[in-house]
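K.L.:
Handing over target_9.tsv, TSV, C-alpha atoms.
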chain	number	residue	atom	x	y	z
G	794	MET	CA	2.25	28.79	-14.27
G	795	ALA	CA	1.21	28.67	-17.92
G	796	GLY	CA	1.66	24.92	-17.85
G	797	THR	CA	-0.31	24.76	-14.61
G	798	HIS	CA	-3.22	26.82	-16.00
G	799	ALA	CA	-3.36	24.64	-19.11
G	800	LEU	CA	-3.28	21.53	-16.94
G	801	THR	CA	-5.95	22.58	-14.49
G	802	SER	CA	-8.34	24.04	-17.01
G	803	GLY	CA	-8.12	20.83	-19.02
G	804	ILE	CA	-8.90	18.76	-15.95
G	805	ARG	CA	-12.24	20.53	-15.61
G	806	GLY	CA	-13.10	19.69	-19.27
G	807	HIS	CA	-14.18	16.74	-21.27
G	808	SER	CA	-10.60	15.58	-21.86
G	809	LEU	CA	-10.13	14.62	-18.22
G	810	ALA	CA	-13.06	12.29	-18.24
G	811	LYS	CA	-11.85	10.70	-21.45
G	812	GLY	CA	-8.19	10.55	-20.45
G	813	SER	CA	-9.00	9.26	-16.96
G	814	ARG	CA	-11.24	6.51	-18.31
G	815	TRP	CA	-8.66	4.90	-20.58
G	816	LEU	CA	-5.85	5.37	-18.09
G	817	ALA	CA	-7.82	4.05	-15.15
G	818	ALA	CA	-8.83	1.07	-17.24
G	819	GLY	CA	-5.25	0.38	-18.26
G	820	LEU	CA	-3.83	0.77	-14.77
G	821	CYS	CA	-6.61	-1.00	-12.96
G	822	ALA	CA	-6.35	-3.91	-15.41
G	823	SER	CA	-3.13	-4.62	-13.56
G	824	ALA	CA	-4.82	-3.77	-10.28
G	825	LEU	CA	-2.33	-5.98	-8.43
G	826	GLY	CA	-4.94	-8.07	-6.64
G	827	LEU	CA	-5.96	-5.26	-4.26
G	828	ALA	CA	-9.47	-6.69	-3.93
G	829	ALA	CA	-8.20	-8.99	-1.16
G	830	CYS	CA	-7.77	-5.87	0.96
G	831	GLY	CA	-11.35	-4.75	0.30
G	832	ALA	CA	-14.65	-5.07	2.05
G	833	GLU	CA	-14.81	-8.88	2.08
G	834	GLU	CA	-13.47	-10.12	5.34
G	835	PRO	CA	-10.43	-12.38	4.78
G	836	PRO	CA	-9.57	-15.27	7.03
G	837	GLN	CA	-7.94	-14.29	10.29
G	838	ALA	CA	-4.33	-15.28	10.91
G	839	ALA	CA	-3.99	-17.97	13.51
G	840	ILE	CA	-1.55	-17.26	16.32
G	841	THR	CA	-1.52	-20.06	18.83
G	842	LEU	CA	-0.41	-19.51	22.39
G	843	GLY	CA	-0.25	-22.85	24.13
G	844	VAL	CA	0.31	-24.06	27.64
G	845	THR	CA	0.97	-27.79	27.83
G	846	MET	CA	-0.28	-29.66	30.85
G	847	VAL	CA	2.04	-32.42	32.00
G	848	VAL	CA	0.70	-34.92	34.48
G	849	THR	CA	3.35	-36.50	36.68
G	850	LEU	CA	2.47	-39.81	38.24
G	851	HIS	CA	3.26	-40.27	41.94
G	852	PRO	CA	2.96	-43.24	44.25
G	853	PRO	CA	-0.61	-44.46	44.75
G	854	THR	CA	-0.83	-42.73	48.13
G	855	ARG	CA	-0.67	-39.30	46.48
G	856	THR	CA	-2.95	-37.54	44.03
G	857	PRO	CA	-1.29	-36.82	40.64
G	858	GLU	CA	-0.17	-33.21	40.51
G	859	PRO	CA	-0.25	-31.28	37.23
G	860	THR	CA	2.74	-29.10	36.42
G	861	LEU	CA	2.86	-26.33	33.80
G	862	THR	CA	5.53	-26.04	31.19
G	863	ALA	CA	6.72	-22.60	30.09
G	864	PRO	CA	4.28	-20.92	27.68
G	865	ALA	CA	5.24	-21.47	24.06
G	866	THR	CA	4.45	-19.04	21.25
G	867	GLU	CA	4.11	-20.42	17.75
G	868	ILE	CA	4.79	-18.08	14.83
G	869	PRO	CA	2.29	-19.05	12.12
G	870	THR	CA	3.30	-19.77	8.58
G	871	PRO	CA	0.66	-18.21	6.31
G	872	GLY	CA	-1.50	-20.55	4.27
G	873	PRO	CA	-2.45	-19.78	0.65
G	874	GLN	CA	-5.35	-17.49	1.53
G	875	SER	CA	-3.50	-15.61	4.26
G	876	GLU	CA	-0.45	-15.30	2.02
G	877	GLN	CA	-2.57	-13.69	-0.70
G	878	THR	CA	-3.95	-11.24	1.86
G	879	LEU	CA	-0.43	-10.31	2.98
G	880	LYS	CA	0.69	-9.95	-0.63
G	881	SER	CA	-2.21	-7.63	-1.44
G	882	ALA	CA	-1.52	-5.56	1.67
G	883	TYR	CA	2.12	-5.10	0.71
G	884	GLU	CA	1.12	-4.24	-2.86
G	885	ALA	CA	-1.19	-1.52	-1.50
G	886	ALA	CA	1.69	0.03	0.45
G	887	LEU	CA	3.97	-0.03	-2.60
G	888	THR	CA	1.24	1.45	-4.78
G	889	VAL	CA	0.83	4.48	-2.53
G	890	GLN	CA	4.59	4.92	-2.54
G	891	SER	CA	4.73	4.76	-6.35
G	892	ALA	CA	1.82	7.19	-6.76
G	893	GLU	CA	3.66	9.75	-4.60
G	894	ALA	CA	6.81	9.36	-6.71
G	895	LEU	CA	4.80	9.77	-9.92
G	896	LEU	CA	3.12	12.97	-8.68
G	897	GLU	CA	6.51	14.40	-7.79
G	898	GLU	CA	7.91	13.50	-11.20
G	899	VAL	CA	4.92	14.98	-13.03
G	900	ALA	CA	5.28	18.25	-11.14
G	901	ALA	CA	9.00	18.43	-11.99
G	902	ARG	CA	8.37	17.77	-15.68
G	903	ILE	CA	5.64	20.41	-15.86
G	904	GLN	CA	8.01	22.96	-14.34
G	905	ASP	CA	10.70	21.98	-16.85
G	906	GLY	CA	8.27	22.36	-19.73
G	907	LYS	CA	8.47	18.66	-20.61
G	908	LEU	CA	4.77	18.14	-19.86
G	909	ALA	CA	2.10	20.62	-20.83
G	910	GLY	CA	-1.52	20.74	-21.88
G	911	PHE	CA	-3.17	17.38	-22.44
G	912	THR	CA	-0.01	15.36	-21.65
G	913	GLY	CA	0.22	16.99	-18.24
G	914	LEU	CA	-3.46	16.32	-17.68
G	915	VAL	CA	-3.04	12.66	-18.57
G	916	ALA	CA	-0.06	12.26	-16.24
G	917	VAL	CA	-1.93	13.67	-13.24
G	918	ALA	CA	-4.98	11.54	-14.06
G	919	ALA	CA	-2.71	8.48	-14.24
G	920	ALA	CA	-1.23	9.19	-10.81
G	921	GLN	CA	-4.73	9.54	-9.40
G	922	ALA	CA	-5.84	6.30	-11.08
G	923	MET	CA	-2.80	4.51	-9.66
G	924	LEU	CA	-3.57	5.75	-6.16
G	925	SER	CA	-7.33	5.11	-6.12
G	926	PRO	CA	-7.41	1.28	-5.66
G	927	ALA	CA	-4.95	1.45	-2.77
G	928	GLN	CA	-6.83	4.34	-1.18
G	929	ARG	CA	-10.09	2.37	-1.34
G	930	ALA	CA	-8.36	-0.62	0.24
G	931	PHE	CA	-6.98	1.45	3.12
G	932	GLU	CA	-10.42	2.95	3.75
G	933	GLN	CA	-11.65	-0.55	4.66
G	934	PRO	CA	-10.86	-2.23	7.99
G	935	ALA	CA	-7.47	-3.92	8.17
G	936	PRO	CA	-7.75	-7.40	6.63
G	937	LEU	CA	-5.73	-8.88	9.52
G	938	PRO	CA	-5.47	-7.50	13.08
G	939	GLU	CA	-1.67	-7.49	12.89
G	940	LEU	CA	-1.85	-5.08	9.93
G	941	ALA	CA	-3.90	-2.45	11.78
G	942	PRO	CA	-0.93	-0.06	12.27
G	943	VAL	CA	-0.10	-0.28	8.56
G	944	TRP	CA	-3.72	0.37	7.65
G	945	GLU	CA	-3.86	3.45	9.83
G	946	GLN	CA	-0.72	4.86	8.25
G	947	GLY	CA	-1.84	3.87	4.76
G	948	ALA	CA	-5.22	5.56	5.08
G	949	ALA	CA	-3.59	8.78	6.27
G	950	ALA	CA	-0.92	8.76	3.53
G	951	ALA	CA	-3.32	7.94	0.70
G	952	GLY	CA	-5.73	10.60	1.91
G	953	ALA	CA	-2.93	13.17	2.03
G	954	LEU	CA	-1.88	12.35	-1.54
G	955	ALA	CA	-5.46	12.60	-2.76
G	956	GLY	CA	-5.66	15.99	-1.07
G	957	VAL	CA	-2.58	17.21	-2.96
G	958	VAL	CA	-4.12	16.12	-6.27
G	959	GLU	CA	-7.40	17.82	-5.39
G	960	ARG	CA	-5.75	21.12	-4.46
G	961	TRP	CA	-3.62	20.95	-7.58
G	962	THR	CA	-6.51	20.34	-9.94
G	963	GLU	CA	-8.58	23.07	-8.24
G	964	ARG	CA	-5.71	25.54	-8.80
G	965	LYS	CA	-5.16	26.10	-5.10
G	966	ILE	CA	-1.53	25.06	-5.61
G	967	GLY	CA	0.69	24.87	-8.68
G	968	ALA	CA	3.28	22.41	-9.90
G	969	SER	CA	5.99	24.40	-8.11
G	970	ASP	CA	4.18	23.87	-4.78
G	971	VAL	CA	3.79	20.11	-5.14
G	972	PRO	CA	7.27	19.00	-3.90
G	973	ALA	CA	6.84	20.84	-0.59
G	974	GLU	CA	3.31	19.44	-0.24
G	975	LEU	CA	4.60	15.90	-0.80
G	976	GLU	CA	7.66	16.03	1.46
G	977	PRO	CA	5.95	15.16	4.78
G	978	VAL	CA	3.78	12.54	3.08
G	979	ARG	CA	6.84	10.86	1.55
G	980	ALA	CA	8.34	10.23	5.00
G	981	GLN	CA	5.04	8.85	6.26
G	982	ILE	CA	4.78	6.48	3.30
G	983	ALA	CA	8.34	5.21	3.82
G	984	GLU	CA	7.52	4.39	7.45
G	985	MET	CA	4.34	2.58	6.37
G	986	GLU	CA	6.16	0.43	3.80
G	987	LEU	CA	8.84	-0.50	6.33
G	988	ALA	CA	6.22	-1.36	8.95
G	989	ALA	CA	4.35	-3.57	6.49
G	990	ARG	CA	7.55	-5.40	5.61
G	991	GLN	CA	8.56	-5.97	9.23
G	992	ILE	CA	5.12	-7.19	10.30
G	993	ILE	CA	4.87	-9.63	7.41
G	994	LEU	CA	8.33	-11.04	8.09
G	995	ASP	CA	8.27	-11.05	11.89
G	996	ARG	CA	4.64	-11.83	12.72
G	997	PHE	CA	3.90	-14.24	9.87
G	998	ASN	CA	7.29	-15.88	9.40
G	999	LEU	CA	7.33	-15.26	5.65
G	1000	ASN	CA	10.52	-16.09	3.80
G	1001	PRO	CA	12.28	-12.78	3.01
G	1002	ALA	CA	13.02	-14.01	-0.51
G	1003	ARG	CA	9.30	-14.49	-1.07
G	1004	LEU	CA	8.57	-10.92	0.02
G	1005	ASP	CA	11.31	-9.65	-2.29
G	1006	GLU	CA	9.63	-11.50	-5.16
G	1007	TRP	CA	6.36	-9.75	-4.38
G	1008	ARG	CA	8.10	-6.39	-4.27
G	1009	ALA	CA	9.89	-6.89	-7.59
G	1010	ALA	CA	6.74	-8.04	-9.40
G	1011	THR	CA	4.67	-5.17	-8.01
G	1012	LEU	CA	7.24	-2.53	-8.87
G	1013	ARG	CA	7.51	-3.87	-12.43
G	1014	ALA	CA	3.75	-3.45	-12.88
G	1015	LEU	CA	3.79	0.01	-11.35
G	1016	GLU	CA	6.74	1.06	-13.50
G	1017	ALA	CA	4.77	0.10	-16.59
G	1018	GLY	CA	1.98	2.40	-15.40
G	1019	ARG	CA	4.46	5.20	-14.76
G	1020	ARG	CA	5.94	4.94	-18.24
G	1021	GLN	CA	2.51	4.94	-19.80
G	1022	ALA	CA	1.48	8.00	-17.78
G	1023	LEU	CA	4.56	9.94	-18.89
G	1024	GLY	CA	4.24	8.85	-22.52
G	1025	GLU	CA	7.52	6.94	-22.54
As structure tokens, what does this structure read like?
P.N.:
Amino acid sequence: MAGTHALTSGIRGHSLAKGSRWLAAGLCASALGLAACGAEEPPQAAITLGVTMVVTLHPPTRTPEPTLTAPATEIPTPGPQSEQTLKSAYEAALTVQSAEALLEEVAARIQDGKLAGFTGLVAVAAAQAMLSPAQRAFEQPAPLPELAPVWEQGAAAAGALAGVVERWTERKIGASDVPAELEPVRAQIAEMELAARQIILDRFNLNPARLDEWRAATLRALEAGRRQALGE
């Protein structure tokens, strides 16, 4: 608890403001394009359900009778703007997932004595700075109707993580309590990421290789933030 007291008392001081400012600036500089998930309303995905009318000609003594073909559902291929919206949405899900992992790692290192004092303070501030852009995105309406389930899960998960940080910094819990606090949130985040992936692939017909490229690029950026937060 000595490490926890040093951490939490520092958070209430001037060092937090200073440490948070340079960390938030560094992490948000690679903000991963989350603005596309923000308040500006992006273009809606077009899903076309068509019924084709076929007119069959009959002898002149009879009136032409229309017949209906079977309804056909077209799976849209996202255009450049819609693709960017999907990319930003997936980045938001991955960011929440990475922020949870960073909080868990910070708590473990504080318990092991590898982080203490100002370094522990900086690591927690970095996790909070990593989470904040995604949390703000999930607080907005879903950018596409198909993503509404992901947005609901994302808002709940990001809010839960922010609550853990708040209780930690207010000394209501310590580093030893953090893993148990994060366990139910971790499962929720995993479900959200999987749902985002499935919706993007199934409802928008995105090439899986393209989605894997997004994932790899996003995780590289987030890993750089993690290393910076832990002083590696």
K.L.:
Pick from G:Leu975, G:Tyr883, G:Ala988, G:Gln981: nearest to Glu1006 (chain G), with only C-alpha atoms counted?
P.N.:
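Checking each candidate against Glu1006 (chain G), we get G:Tyr883 as the closest.
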K.L.:
What does the structure give for the distance between CA of Ala948 (chain G) and CA of Gln928 (chain G), in Å to one decimal?
P.N.:
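Taking CA of Ala948 (chain G) as the start and CA of Gln928 (chain G) as the end point, the length is 6.6 Å.
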K.L.:
Find the spatial neighbours of region 977-980 of chain G, counting only C-alpha atoms, within a cut-off of 9 Å - ignore same-chain residues fewer than 6 positions away - and output them as a list in words.
P.N.:
Gln890, Glu893, Ala894, Ala949, Ala950, Ala951, Ala953 and Leu954 of chain G
K.L.:
Please compute the CA of Asn998 (chain G)-CA of Ile982 (chain G) distance, one decimal, in Å.
P.N.:
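These atoms are spaced 23.3 Å apart.
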K.L.:
Between G:Arg996, G:Val899, G:Arg990, G:Ala973, which residue has the minimum interatomic distance to Thr912 (chain G), considering all atoms listed in the file?
P.N.:
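Comparing G:Arg996, G:Val899, G:Arg990, G:Ala973 against Thr912 (chain G), the winner is G:Val899.
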K.L.:
Measure the distance from CA of Trp1007 (chain G) to CA of Ala935 (chain G) in Å and round it to one decimal.
P.N.:
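Distance between the two atoms: 19.6 Å.
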K.L.:
Ranking G:Leu887, G:Leu895, G:Leu999, G:Ala1017 by minimum distance to Gly913 (chain G) and counting only C-alpha atoms, which one comes first?
P.N.:
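Nearest candidate to Gly913 (chain G) out of G:Leu887, G:Leu895, G:Leu999, G:Ala1017: G:Leu895.
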K.L.:
Between G:Pro936, G:Pro942, G:Pro972, G:Gly952, which residue has the minimum interatomic distance to Leu987 (chain G), considering only C-alpha atoms?
P.N.:
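Ranking G:Pro936, G:Pro942, G:Pro972, G:Gly952 by distance to Leu987 (chain G), first place goes to G:Pro942.
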K.L.:
Tell me which of G:Gln921, G:Ser891, G:Gln946, G:Thr962 sits closest to Ala1014 (chain G), counting all atoms listed in the file.
P.N.:
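Nearest candidate to Ala1014 (chain G) out of G:Gln921, G:Ser891, G:Gln946, G:Thr962: G:Ser891.
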K.L.:
Can you tell me, as JSON, numbers by chain, what residues are no more than 9 Å from Ser969 (chain G) when counting only C-alpha atoms, ignoring any on the same chain fewer than 6 positions away?
P.N.:
{"G": [794, 900, 901, 903, 904]}
